[in-house]
>>> print(open('structure-v8.cif').read())   # mmCIF, C-alpha atoms
data_start
loop_
_atom_site.group_PDB
_atom_site.id
_atom_site.type_symbol
_atom_site.label_atom_id
_atom_site.label_comp_id
_atom_site.auth_asym_id
_atom_site.auth_seq_id
_atom_site.Cartn_x
_atom_site.Cartn_y
_atom_site.Cartn_z
ATOM 1 C CA ALA M 1 119.054 150.186 89.611
ATOM 2 C CA ALA M 2 120.778 148.687 92.632
ATOM 3 C CA CYS M 3 117.430 147.252 93.745
ATOM 4 C CA ALA M 4 116.604 145.751 90.374
ATOM 5 C CA GLN M 5 119.903 143.963 89.886
ATOM 6 C CA ARG M 6 119.895 142.525 93.408
ATOM 7 C CA ARG M 7 116.738 140.546 92.789
ATOM 8 C CA THR M 8 118.314 138.773 89.820
ATOM 9 C CA HIS M 9 121.338 137.435 91.679
ATOM 10 C CA GLY M 10 120.757 134.747 94.288
ATOM 11 C CA ARG M 11 123.988 135.443 96.136
ATOM 12 C CA GLY M 12 122.979 139.035 96.706
ATOM 13 C CA ARG M 13 119.825 138.277 98.649
ATOM 14 C CA GLY M 14 119.755 140.079 101.941
ATOM 15 C CA MET M 15 118.815 137.449 104.501
ATOM 16 C CA GLY M 16 120.397 134.195 103.418
ATOM 17 C CA SER M 17 120.945 131.450 105.971
ATOM 18 C CA THR M 18 121.857 127.783 106.075
ATOM 19 C CA ALA M 19 119.678 127.278 109.147
ATOM 20 C CA LYS M 20 116.530 125.203 108.786
ATOM 21 C CA ARG M 21 113.510 127.435 108.348
ATOM 22 C CA VAL M 22 111.217 127.362 111.349
ATOM 23 C CA GLU M 23 107.531 127.897 110.694
ATOM 24 C CA ARG M 24 106.231 130.865 112.645
ATOM 25 C CA LYS M 25 102.689 132.074 113.173
ATOM 26 C CA ASP M 26 103.880 135.633 112.572
ATOM 27 C CA SER M 27 106.029 134.937 109.490
ATOM 28 C CA TRP M 28 103.704 137.165 107.448
ATOM 29 C CA LEU M 29 104.594 140.109 109.670
ATOM 30 C CA TRP M 30 108.334 139.527 109.325
ATOM 31 C CA ASP M 31 107.871 139.331 105.549
ATOM 32 C CA ALA M 32 105.959 142.617 105.647
ATOM 33 C CA LEU M 33 108.776 144.245 107.616
ATOM 34 C CA LYS M 34 111.413 142.982 105.205
ATOM 35 C CA ASN M 35 109.430 144.241 102.206
ATOM 36 C CA LEU M 36 108.703 147.615 103.860
ATOM 37 C CA ASN M 37 104.944 147.068 103.684
ATOM 38 C CA GLU M 38 103.649 149.868 105.857
ATOM 39 C CA ASP M 39 99.978 148.975 105.350
ATOM 40 C CA ILE M 40 100.374 145.523 106.902
ATOM 41 C CA VAL M 41 102.808 146.413 109.683
ATOM 42 C CA THR M 42 100.698 149.331 110.935
ATOM 43 C CA SER M 43 97.365 147.544 110.589
ATOM 44 C CA SER M 44 95.116 145.998 113.232
ATOM 45 C CA LEU M 45 96.315 142.588 112.021
ATOM 46 C CA VAL M 46 99.341 142.969 114.289
ATOM 47 C CA PRO M 47 98.566 141.757 117.837
ATOM 48 C CA LYS M 48 98.785 144.517 120.424
ATOM 49 C CA GLU M 49 101.079 142.344 122.544
ATOM 50 C CA TRP M 50 103.531 141.686 119.687
ATOM 51 C CA ASP M 51 107.092 142.147 120.949
ATOM 52 C CA TRP M 52 108.899 144.806 118.911
ATOM 53 C CA ASN M 53 112.230 143.751 120.418
ATOM 54 C CA GLN M 54 112.050 140.015 119.826
ATOM 55 C CA VAL M 55 114.726 138.335 117.727
ATOM 56 C CA HIS M 56 113.989 136.326 114.599
ATOM 57 C CA PRO M 57 116.530 133.465 114.350
ATOM 58 C CA GLU M 58 117.522 134.465 110.804
ATOM 59 C CA ARG M 59 116.553 138.133 110.445
ATOM 60 C CA GLY M 60 117.393 139.648 113.800
ATOM 61 C CA THR M 61 115.175 142.282 115.406
ATOM 62 C CA PRO M 62 112.224 143.932 113.611
ATOM 63 C CA LEU M 63 114.341 147.037 112.967
ATOM 64 C CA MET M 64 117.208 144.965 111.585
ATOM 65 C CA THR M 65 114.736 143.196 109.303
ATOM 66 C CA LEU M 66 113.561 146.360 107.565
ATOM 67 C CA LEU M 67 116.885 148.248 107.413
ATOM 68 C CA PRO M 68 118.556 146.471 104.451
ATOM 69 C CA ASP M 69 115.866 147.222 101.863
ATOM 70 C CA LEU M 70 115.256 150.678 103.321
ATOM 71 C CA ILE M 71 118.926 151.574 102.890
ATOM 72 C CA ARG M 72 119.191 149.894 99.502
ATOM 73 C CA CYS M 73 115.931 150.894 97.849
ATOM 74 C CA ALA M 74 114.614 154.165 99.294
ATOM 75 C CA ARG M 75 114.184 156.406 96.255
ATOM 76 C CA GLU M 76 114.670 159.637 98.141
ATOM 77 C CA ILE M 77 114.923 160.992 101.653
ATOM 78 C CA ASN M 78 111.357 162.094 102.162
ATOM 79 C CA GLU M 79 109.850 161.185 105.505
ATOM 80 C CA ASP M 80 106.361 161.327 104.020
ATOM 81 C CA LEU M 81 107.147 158.231 101.954
ATOM 82 C CA PRO M 82 105.853 154.897 103.346
ATOM 83 C CA ALA M 83 109.282 153.332 103.944
ATOM 84 C CA TRP M 84 110.472 156.186 106.150
ATOM 85 C CA ARG M 85 107.130 156.390 107.936
ATOM 86 C CA LEU M 86 107.440 152.681 108.682
ATOM 87 C CA LEU M 87 110.811 153.139 110.381
ATOM 88 C CA LYS M 88 109.421 155.919 112.568
ATOM 89 C CA TYR M 89 106.358 153.820 113.372
ATOM 90 C CA CYS M 90 108.462 150.870 114.554
ATOM 91 C CA LEU M 91 110.568 153.156 116.726
ATOM 92 C CA GLY M 92 107.382 154.635 118.156
ATOM 93 C CA GLN M 93 106.180 151.144 119.088
ATOM 94 C CA GLY M 94 109.240 150.772 121.297
ATOM 95 C CA ALA M 95 111.595 148.927 118.937
ATOM 96 C CA ASP M 96 115.017 149.410 120.547
ATOM 97 C CA PRO M 97 117.784 150.107 117.988
ATOM 98 C CA ARG M 98 120.394 149.054 120.577
ATOM 99 C CA LYS M 99 119.014 145.520 120.947
ATOM 100 C CA GLU M 100 121.734 143.048 119.954
ATOM 101 C CA CYS M 101 120.942 139.603 118.618
ATOM 102 C CA GLU M 102 122.393 136.164 117.987
ATOM 103 C CA ALA M 103 120.665 135.629 114.640
ATOM 104 C CA VAL M 104 122.431 133.264 112.242
ATOM 105 C CA GLY M 105 121.436 135.128 109.077
ATOM 106 C CA GLN M 106 123.365 137.571 106.958
ATOM 107 C CA THR M 107 122.547 140.567 104.810
ATOM 108 C CA GLY M 108 124.130 142.843 102.231
ATOM 109 C CA GLY M 109 126.216 141.317 99.478
ATOM 110 C CA TRP M 110 124.708 143.683 96.925
ATOM 111 C CA GLY M 111 126.230 144.209 93.492
ATOM 112 C CA ASP M 112 127.461 142.103 90.595
ATOM 113 C CA ASP M 113 130.976 143.482 89.949
ATOM 114 C CA LYS M 114 129.677 144.866 86.650
ATOM 115 C CA THR M 115 127.282 147.783 86.876
ATOM 116 C CA TRP M 116 127.357 147.746 90.662
ATOM 117 C CA PRO M 117 130.491 146.868 92.674
ATOM 118 C CA LYS M 118 130.087 143.724 94.758
ATOM 119 C CA LEU M 119 129.776 144.330 98.500
ATOM 120 C CA GLN M 120 130.651 141.910 101.272
ATOM 121 C CA THR M 121 127.838 140.191 103.133
ATOM 122 C CA ILE M 122 127.339 141.161 106.769
ATOM 123 C CA ALA M 123 126.714 138.519 109.432
ATOM 124 C CA LEU M 124 123.887 139.582 111.743
ATOM 125 C CA VAL M 125 125.220 137.869 114.852
ATOM 126 C CA GLY M 126 126.149 140.367 117.556
ATOM 127 C CA HIS M 127 124.642 143.318 115.700
ATOM 128 C CA SER M 128 121.970 145.798 116.708
ATOM 129 C CA ALA M 129 120.063 148.020 114.280
ATOM 130 C CA ILE M 130 122.492 150.862 114.985
ATOM 131 C CA SER M 131 125.633 148.803 114.485
ATOM 132 C CA LEU M 132 124.114 147.213 111.372
ATOM 133 C CA ALA M 133 123.580 150.657 109.826
ATOM 134 C CA PHE M 134 127.228 151.500 110.525
ATOM 135 C CA ALA M 135 128.315 148.152 109.049
ATOM 136 C CA PHE M 136 126.443 149.018 105.857
ATOM 137 C CA LEU M 137 128.135 152.414 105.757
ATOM 138 C CA THR M 138 131.544 150.762 106.046
ATOM 139 C CA GLU M 139 130.825 148.593 103.009
ATOM 140 C CA LEU M 140 129.125 151.334 100.991
ATOM 141 C CA HIS M 141 131.969 153.806 101.487
ATOM 142 C CA LYS M 142 134.315 151.390 99.716
ATOM 143 C CA HIS M 143 132.475 152.379 96.520
ATOM 144 C CA GLU M 144 130.959 155.691 97.567
ATOM 145 C CA LYS M 145 130.546 157.097 94.058
ATOM 146 C CA LYS M 146 128.335 154.203 92.979
ATOM 147 C CA TYR M 147 126.458 153.868 96.257
ATOM 148 C CA GLU M 148 126.030 157.551 97.053
ATOM 149 C CA ALA M 149 122.240 157.263 97.420
ATOM 150 C CA GLN M 150 122.521 154.270 99.759
ATOM 151 C CA ILE M 151 125.064 156.117 101.915
ATOM 152 C CA LYS M 152 122.623 159.010 102.276
ATOM 153 C CA ASN M 153 119.861 156.568 103.196
ATOM 154 C CA ALA M 154 121.985 154.868 105.867
ATOM 155 C CA ASN M 155 122.925 158.209 107.392
ATOM 156 C CA HIS M 156 119.270 159.253 107.463
ATOM 157 C CA VAL M 157 118.360 155.974 109.163
ATOM 158 C CA LEU M 158 120.776 156.866 111.960
ATOM 159 C CA LYS M 159 119.334 160.376 112.144
ATOM 160 C CA LEU M 160 115.783 159.055 112.551
ATOM 161 C CA ILE M 161 116.889 156.491 115.117
ATOM 162 C CA ALA M 162 118.458 159.257 117.197
ATOM 163 C CA ALA M 163 115.376 161.461 116.880
ATOM 164 C CA HIS M 164 112.531 158.971 117.310
ATOM 165 C CA ALA M 165 113.752 156.107 119.499
ATOM 166 C CA VAL M 166 111.713 155.783 122.690
ATOM 167 C CA PRO M 167 113.811 157.031 125.652
ATOM 168 C CA SER M 168 115.102 154.474 128.116
ATOM 169 C CA GLU M 169 113.622 154.296 131.586
ATOM 170 C CA SER M 170 115.180 156.628 134.129
ATOM 171 C CA SER M 171 118.404 155.287 135.540
ATOM 172 C CA LYS M 172 118.070 153.441 138.830
ATOM 173 C CA ILE M 173 120.511 153.324 141.724
ATOM 174 C CA SER M 174 121.015 150.021 143.513
ATOM 175 C CA ILE M 175 120.840 150.217 147.306
ATOM 176 C CA HIS M 176 121.802 147.320 149.528
ATOM 177 C CA GLU M 177 118.810 145.672 151.185
ATOM 178 C CA ALA M 178 120.316 146.161 154.647
ATOM 179 C CA VAL M 179 120.366 149.938 154.133
ATOM 180 C CA VAL M 180 116.698 149.909 153.136
ATOM 181 C CA ASP M 181 115.813 147.822 156.192
ATOM 182 C CA THR M 182 117.674 150.215 158.493
ATOM 183 C CA TRP M 183 115.870 153.301 157.216
ATOM 184 C CA GLU M 184 112.530 151.510 157.215
ATOM 185 C CA SER M 185 112.943 150.502 160.848
ATOM 186 C CA ILE M 186 113.709 154.110 161.788
ATOM 187 C CA LEU M 187 110.719 155.467 159.899
ATOM 188 C CA VAL M 188 108.168 153.009 161.284
ATOM 189 C CA ASN M 189 109.423 152.746 164.852
ATOM 190 C CA GLN M 190 107.313 155.300 166.679
ATOM 191 C CA ARG M 191 109.320 154.781 169.879
ATOM 192 C CA CYS M 192 112.350 156.477 168.284
ATOM 193 C CA CYS M 193 110.800 159.828 167.537
ATOM 194 C CA ASP M 194 113.405 162.078 169.110
ATOM 195 C CA VAL M 195 114.547 162.846 165.530
ATOM 196 C CA GLU M 196 112.167 164.035 162.836
ATOM 197 C CA LEU M 197 112.946 163.020 159.249
ATOM 198 C CA GLN M 198 111.447 164.927 156.350
ATOM 199 C CA VAL M 199 110.572 162.524 153.533
ATOM 200 C CA ALA M 200 108.729 162.840 150.256
ATOM 201 C CA GLY M 201 104.996 162.911 150.849
ATOM 202 C CA GLY M 202 105.104 163.586 154.578
ATOM 203 C CA SER M 203 107.248 163.445 157.709
ATOM 204 C CA ARG M 204 108.123 161.081 160.527
#
>>> encode(input="structure-v8.cif", output="structure tokens")
Amino acid sequence: AACAQRRTHGRGRGMGSTAKRVERKDSWLWDALKNLNEDIVTSSLVPKEWDWNQVHPERGTPLMTLLPDLIRCAREINEDLPAWRLLKYCLGQGADPRKECEAVGQTGGWGDDKTWPKLQTIALVGHSAISLAFAFLTELHKHEKKYEAQIKNANHVLKLIAAHAVPSESSKISIHEAVVDTWESILVNQRCCDVELQVAGGSR
């Protein structure tokens, strides 16, 4: 019901923006993400080099683009359903739920103050997919009896993000270049072999 009424009220549309629309060669893919079209997004139509962490100027990241309708419209929490499979697929492609953006669009604003309580719109600027899910929860909890299903969906989104996001690269420690040069000179200088250093892969 929440999905049906939203499509009949212009102010409730999820990704409104006053910015001039920029024609993109991949606009069809962003539309597929927004409409939770698993068949298109997972097809060979998508270039292998497509950046799953790029930022659309109005919709944010790919994950942020699909979250609103997933939270609003998912009929049940069943990970065998296309919408939930799509979220896991995007995460598996390396889409980072922590990626923040400077998109000018907004989302949310569901409801009509009649059957469904009106929710505030959420500006996308500064949000990541994770923080956007929490922002939805904040709004939904204001009317938790009416939006109980959407609250469950948002919580399951966070659960899947935690379970399926691709791990970050191992942490790296910065070492001053002078330190590296010093050790390198010791290791390669065969005239200073009165001390033997055991190193990974061999010895000097």
>>> resolve_selection(input="structure-v8.cif", expression="the PyMOL selection byres ((chain M and resi 100) around 7)", output="JSON, numbers by chain")
{"M": [98, 99, 101, 126, 127, 128]}
>>> write_last_selection(input="structure-v8.cif", atoms="C-alpha atoms", output="mmCIF file, keeping the file's coordinate frame")
data_model
loop_
_atom_site.group_PDB
_atom_site.id
_atom_site.type_symbol
_atom_site.label_atom_id
_atom_site.label_comp_id
_atom_site.auth_asym_id
_atom_site.auth_seq_id
_atom_site.Cartn_x
_atom_site.Cartn_y
_atom_site.Cartn_z
ATOM 1 C CA ARG M 98 120.394 149.054 120.577
ATOM 2 C CA LYS M 99 119.014 145.520 120.947
ATOM 3 C CA CYS M 101 120.942 139.603 118.618
ATOM 4 C CA GLY M 126 126.149 140.367 117.556
ATOM 5 C CA HIS M 127 124.642 143.318 115.700
ATOM 6 C CA SER M 128 121.970 145.798 116.708
#
>>> resolve_selection(input="structure-v8.cif", expression="the PyMOL selection byres ((chain M and resi 80-95) around 7)", output="list in words")
Leu36, Glu38, Trp52, Asn53, Leu63, Leu70, Asn78, Glu79, Asp96, Pro97, His164, Ala165 and Val166 of chain M
>>> closest_residue(input="structure-v8.cif", among="M:Ala74, M:Leu160, M:Ala103, M:Leu33", to="Pro57 of chain M", atoms="only C-alpha atoms")
M:Ala103
>>> residues_around(input="structure-v8.cif", residues="Thr121 of chain M", least_positions_apart="3", cutoff="8 Å", atoms="only C-alpha atoms", output="mmCIF file with C-alpha atoms, in the coordinates of the input")
data_model
loop_
_atom_site.group_PDB
_atom_site.id
_atom_site.type_symbol
_atom_site.label_atom_id
_atom_site.label_comp_id
_atom_site.auth_asym_id
_atom_site.auth_seq_id
_atom_site.Cartn_x
_atom_site.Cartn_y
_atom_site.Cartn_z
ATOM 1 C CA GLN M 106 123.365 137.571 106.958
ATOM 2 C CA THR M 107 122.547 140.567 104.810
ATOM 3 C CA GLY M 108 124.130 142.843 102.231
ATOM 4 C CA GLY M 109 126.216 141.317 99.478
ATOM 5 C CA TRP M 110 124.708 143.683 96.925
#
>>> closest_residue(input="structure-v8.cif", among="M:Tyr147, M:Phe134, M:Trp50, M:Trp116", to="Asp26 of chain M", atoms="only C-alpha atoms")
M:Trp50
>>> resolve_selection(input="structure-v8.cif", expression="the PyMOL selection byres ((chain M and resi 122) around 12)", output="ChimeraX atom specification")
/M:12-17,59,64,68,103-110,119-121,123-127,131-140
>>> atom_distance(input="structure-v8.cif", atom1="atom CA of Gln150 of chain M", atom2="atom CA of Thr61 of chain M")
21.0 Å
>>> closest_residue(input="structure-v8.cif", among="M:Ile71, M:Ile130, M:Glu76, M:Lys118", to="Ala154 of chain M", atoms="only C-alpha atoms")
M:Ile71
>>> atom_distance(input="structure-v8.cif", atom1="atom CA of Ser27 of chain M", atom2="atom CA of Asn155 of chain M")
28.8 Å
>>> closest_residue(input="structure-v8.cif", among="M:Ile151, M:Asn35, M:His56, M:Leu45", to="Asp69 of chain M", atoms="all atoms listed in the file")
M:Asn35
>>> atom_distance(input="structure-v8.cif", atom1="atom CA of Asp31 of chain M", atom2="atom CA of Leu66 of chain M")
9.3 Å
>>> axis_aligned_box(input="structure-v8.cif", around="segment 98-114 of chain M", padding_each_side="8 Å", output="AutoDock Vina command-line options")
--center_x 125.0 --center_y 141.2 --center_z 103.8 --size_x 28.0 --size_y 31.8 --size_z 50.3
>>> closest_residue(input="structure-v8.cif", among="M:Pro47, M:Pro167, M:Pro117, M:Gly60", to="Ala129 of chain M", atoms="only C-alpha atoms")
M:Gly60
>>> closest_residue(input="structure-v8.cif", among="M:Ala163, M:Ala149, M:Leu29, M:Leu158", to="Ile77 of chain M", atoms="all atoms listed in the file")
M:Ala149
>>> residues_around(input="structure-v8.cif", residues="Trp28 of chain M", least_positions_apart="4", cutoff="12 Å", atoms="all atoms listed in the file", output="MDAnalysis selection string")
chainID M and resid 23:24 32:35 37 40:41 45:46
